[in-house]
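The file model_5.cif comes next; it holds mmCIF, C-alpha atoms.
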```cif
data_data
#
loop_
_atom_site.label_atom_id
_atom_site.label_comp_id
_atom_site.auth_asym_id
_atom_site.auth_seq_id
_atom_site.Cartn_x
_atom_site.Cartn_y
_atom_site.Cartn_z
CA MET N 1 -30.84 -4.90 -20.71
CA SER N 2 -28.66 -7.94 -20.14
CA TYR N 3 -25.17 -8.50 -21.52
CA GLY N 4 -24.62 -11.98 -20.16
CA TRP N 5 -22.99 -12.38 -16.77
CA ILE N 6 -24.78 -9.68 -14.76
CA GLU N 7 -27.51 -7.11 -15.24
CA GLU N 8 -26.76 -3.43 -15.72
CA GLU N 9 -28.08 -2.63 -12.24
CA GLN N 10 -25.79 -5.25 -10.67
CA LEU N 11 -22.83 -3.71 -12.52
CA SER N 12 -23.65 -0.30 -11.05
CA TYR N 13 -23.81 -1.91 -7.59
CA MET N 14 -20.42 -3.51 -8.21
CA ILE N 15 -18.86 -0.22 -9.25
CA ALA N 16 -20.22 1.38 -6.07
CA VAL N 17 -18.85 -1.48 -3.94
CA SER N 18 -15.47 -1.42 -5.70
CA GLU N 19 -15.07 2.26 -4.86
CA SER N 20 -15.31 1.43 -1.17
CA THR N 21 -13.19 -1.74 -1.10
CA PRO N 22 -9.44 -2.03 -1.59
CA GLY N 23 -7.96 -3.70 -4.62
CA PRO N 24 -8.17 -3.52 -8.38
CA ILE N 25 -11.68 -3.24 -9.83
CA MET N 26 -11.15 -6.34 -11.99
CA VAL N 27 -10.50 -8.52 -8.95
CA ASN N 28 -13.49 -7.01 -7.13
CA LEU N 29 -15.67 -7.49 -10.21
CA ALA N 30 -14.58 -11.11 -10.67
CA THR N 31 -15.21 -11.87 -7.00
CA TYR N 32 -18.63 -10.21 -7.13
CA ILE N 33 -19.76 -11.96 -10.33
CA GLY N 34 -18.41 -15.28 -9.10
CA SER N 35 -20.28 -14.94 -5.83
CA VAL N 36 -23.52 -13.89 -7.59
CA LYS N 37 -23.37 -16.81 -10.03
CA ALA N 38 -21.98 -19.59 -7.83
CA GLY N 39 -21.58 -18.43 -4.23
CA VAL N 40 -18.30 -18.68 -2.36
CA PRO N 41 -16.77 -21.35 -4.66
CA GLY N 42 -17.61 -19.21 -7.68
CA ALA N 43 -16.05 -16.15 -6.05
CA LEU N 44 -12.87 -18.06 -5.27
CA ILE N 45 -12.59 -19.56 -8.76
CA ALA N 46 -13.33 -16.27 -10.54
CA THR N 47 -10.86 -14.34 -8.39
CA PHE N 48 -8.20 -17.00 -8.89
CA ALA N 49 -8.81 -16.98 -12.65
CA VAL N 50 -8.35 -13.21 -12.83
CA VAL N 51 -5.23 -13.12 -10.63
CA LEU N 52 -3.46 -16.22 -12.01
CA PRO N 53 -2.28 -14.81 -15.38
CA ALA N 54 -0.67 -11.75 -13.79
CA PHE N 55 0.89 -13.92 -11.08
CA LEU N 56 2.38 -16.30 -13.67
CA ILE N 57 3.73 -13.41 -15.75
CA VAL N 58 5.42 -11.91 -12.69
CA VAL N 59 6.94 -15.28 -11.75
CA LEU N 60 8.24 -15.82 -15.27
CA LEU N 61 9.68 -12.29 -15.48
CA THR N 62 11.33 -12.77 -12.10
CA LEU N 63 12.98 -15.97 -13.29
CA VAL N 64 14.16 -14.32 -16.53
CA LEU N 65 15.32 -11.05 -14.96
CA LYS N 66 16.98 -12.57 -11.88
CA ASN N 67 20.29 -13.04 -13.66
CA LEU N 68 19.94 -9.90 -15.76
CA VAL N 69 19.84 -7.66 -12.66
CA LYS N 70 23.33 -8.81 -11.67
CA LYS N 71 24.91 -7.46 -14.85
CA PRO N 72 26.97 -4.24 -14.49
CA ALA N 73 25.10 -2.41 -17.27
CA VAL N 74 21.76 -2.97 -15.55
CA GLN N 75 23.22 -2.02 -12.17
CA SER N 76 24.50 1.25 -13.63
CA MET N 77 20.92 2.08 -14.68
CA VAL N 78 19.31 0.95 -11.42
CA SER N 79 21.67 2.73 -8.99
CA PRO N 80 20.49 6.28 -9.86
CA LEU N 81 16.88 5.09 -9.58
CA LYS N 82 17.54 3.94 -6.02
CA ALA N 83 18.76 7.43 -5.13
CA CYS N 84 15.70 9.01 -6.80
CA VAL N 85 13.27 6.72 -5.00
CA THR N 86 15.01 7.39 -1.68
CA GLY N 87 14.73 11.13 -2.31
CA ILE N 88 11.03 10.85 -3.18
CA ILE N 89 10.33 8.85 -0.02
CA LEU N 90 12.24 11.34 2.15
CA ALA N 91 10.46 14.29 0.52
CA THR N 92 7.09 12.63 1.07
CA GLY N 93 7.94 11.98 4.72
CA ALA N 94 9.08 15.57 5.23
CA TYR N 95 5.92 16.85 3.54
CA MET N 96 3.71 14.65 5.73
CA ILE N 97 5.49 15.76 8.89
CA LEU N 98 5.18 19.41 7.84
CA MET N 99 1.48 19.07 7.02
CA ASN N 100 0.56 17.06 10.12
CA CYS N 101 2.78 18.68 12.74
CA LEU N 102 2.75 22.29 11.58
CA GLY N 103 -0.53 22.50 9.67
CA GLY N 104 0.97 23.19 6.24
CA PHE N 105 2.68 25.97 4.36
CA THR N 106 0.25 28.86 4.64
CA LYS N 107 -1.67 28.44 7.90
CA VAL N 108 0.76 27.28 10.56
CA SER N 109 -0.81 25.63 13.60
CA VAL N 110 1.56 23.60 15.75
CA ASP N 111 0.25 20.18 16.82
CA VAL N 112 2.38 19.33 19.84
CA ALA N 113 0.97 15.80 20.09
CA ALA N 114 1.87 15.05 16.46
CA ILE N 115 5.38 16.44 16.91
CA LEU N 116 5.86 14.44 20.11
CA LEU N 117 4.53 11.26 18.46
CA SER N 118 6.85 11.78 15.45
CA VAL N 119 9.87 12.27 17.71
CA ILE N 120 9.01 9.22 19.83
CA LEU N 121 8.56 7.03 16.75
CA ALA N 122 11.86 8.29 15.30
CA VAL N 123 13.64 7.55 18.60
CA VAL N 124 12.09 4.07 18.74
CA TYR N 125 13.08 3.35 15.13
CA TYR N 126 16.65 4.66 15.25
CA GLY N 127 17.22 3.60 18.87
CA SER N 128 16.17 0.03 18.11
CA ARG N 129 18.76 -0.10 15.31
CA LYS N 130 21.45 0.37 17.98
CA ILE N 131 20.06 -2.52 20.05
CA VAL N 132 18.83 -4.99 17.44
CA LYS N 133 20.66 -5.58 14.16
CA ASN N 134 17.82 -4.57 11.81
CA GLY N 135 15.83 -2.53 14.30
CA VAL N 136 12.06 -2.49 14.68
CA SER N 137 10.12 -3.70 11.67
CA PRO N 138 8.59 -0.80 9.72
CA ILE N 139 5.27 -2.67 9.73
CA LEU N 140 5.38 -2.89 13.52
CA LEU N 141 6.26 0.80 13.68
CA ILE N 142 3.26 1.66 11.47
CA CYS N 143 1.00 -0.41 13.73
CA LEU N 144 2.41 1.34 16.81
CA ALA N 145 1.86 4.73 15.16
CA GLY N 146 -1.74 3.78 14.34
CA ILE N 147 -2.44 2.64 17.89
CA ALA N 148 -0.81 5.77 19.32
CA GLY N 149 -2.82 7.93 16.92
CA VAL N 150 -6.07 6.30 18.03
CA LEU N 151 -5.11 6.75 21.68
CA ILE N 152 -4.12 10.41 21.21
CA TYR N 153 -6.73 11.60 18.73
CA GLY N 154 -9.49 9.05 19.32
CA TRP N 155 -11.35 6.89 16.86
CA GLN N 156 -12.88 9.04 14.13
#
```

When written as structure tokens, how does the structure in this file appear?
Amino acid sequence: MSYGWIEEEQLSYMIAVSESTPGPIMVNLATYIGSVKAGVPGALIATFAVVLPAFLIVVLLTLVLKNLVKKPAVQSMVSPLKACVTGIILATGAYMILMNCLGGFTKVSVDVAAILLSVILAVVYYGSRKIVKNGVSPILLICLAGIAGVLIYGWQ
């Protein structure tokens, strides 16, 4: 049965592919249909057409809200949210360290390599803040942690 742009079987293939690729399913679907119907130019145009409205809405909201964020009433609402988000991030980090370094809550198994890697990364991050104004970029730190993880635990 055909509904227009793609066959039912192609849609099931797309859903399978979208589960294994990053990004929203609508962008993946637009790219897939565009590439099936018109190759690389079709994929680019379809993806651009799907992303453009959201991009324009975000740009317009940014322009409108830029001055609104500076108002004291808005700041009084946003300040507690900053504290909440910071708390959530810290709790997530503590949970990840507990799960990866100590094996969890019930079955404790100490992973010395993970503890050592966590300590080294913390020293690099906080030590670099003493040397350089903003310290090491978090993105660079994540890349270093990934490389160290591959070196310590191997590629799996």

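For the pair CA of Val59 in chain N and CA of Ile142 in chain N, the interatomic distance is 29.0 Å.
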
> What's the 10 Å shell around range 35-50 of chain N, counting only C-alpha atoms, without same-chain residues fewer than 4 positions away, as a PyMOL selection string?
Replying inline: chain N and resi 5-6+10+26-31+54-55

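Note that CA of Val150 in chain N and CA of Val110 in chain N are 19.0 Å apart.
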
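CA of Cys84 in chain N is found 20.0 Å from CA of Lys70 in chain N.
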
> Could you name the residues that touch range 117-120 of chain N at 12 Å or less, counting all atoms listed in the file, but leaving out those on the same chain fewer than 6 positions away, as an MDAnalysis selection string?
Replying inline: chainID N and resid 93:94 96:98 100:102 111 126:128 141:142 144:153

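Closest approach to Pro138 in chain N from the set N:Leu116, N:Val64, N:Leu121, N:Val58 is made by N:Leu121, with distances taken over all atoms listed in the file.
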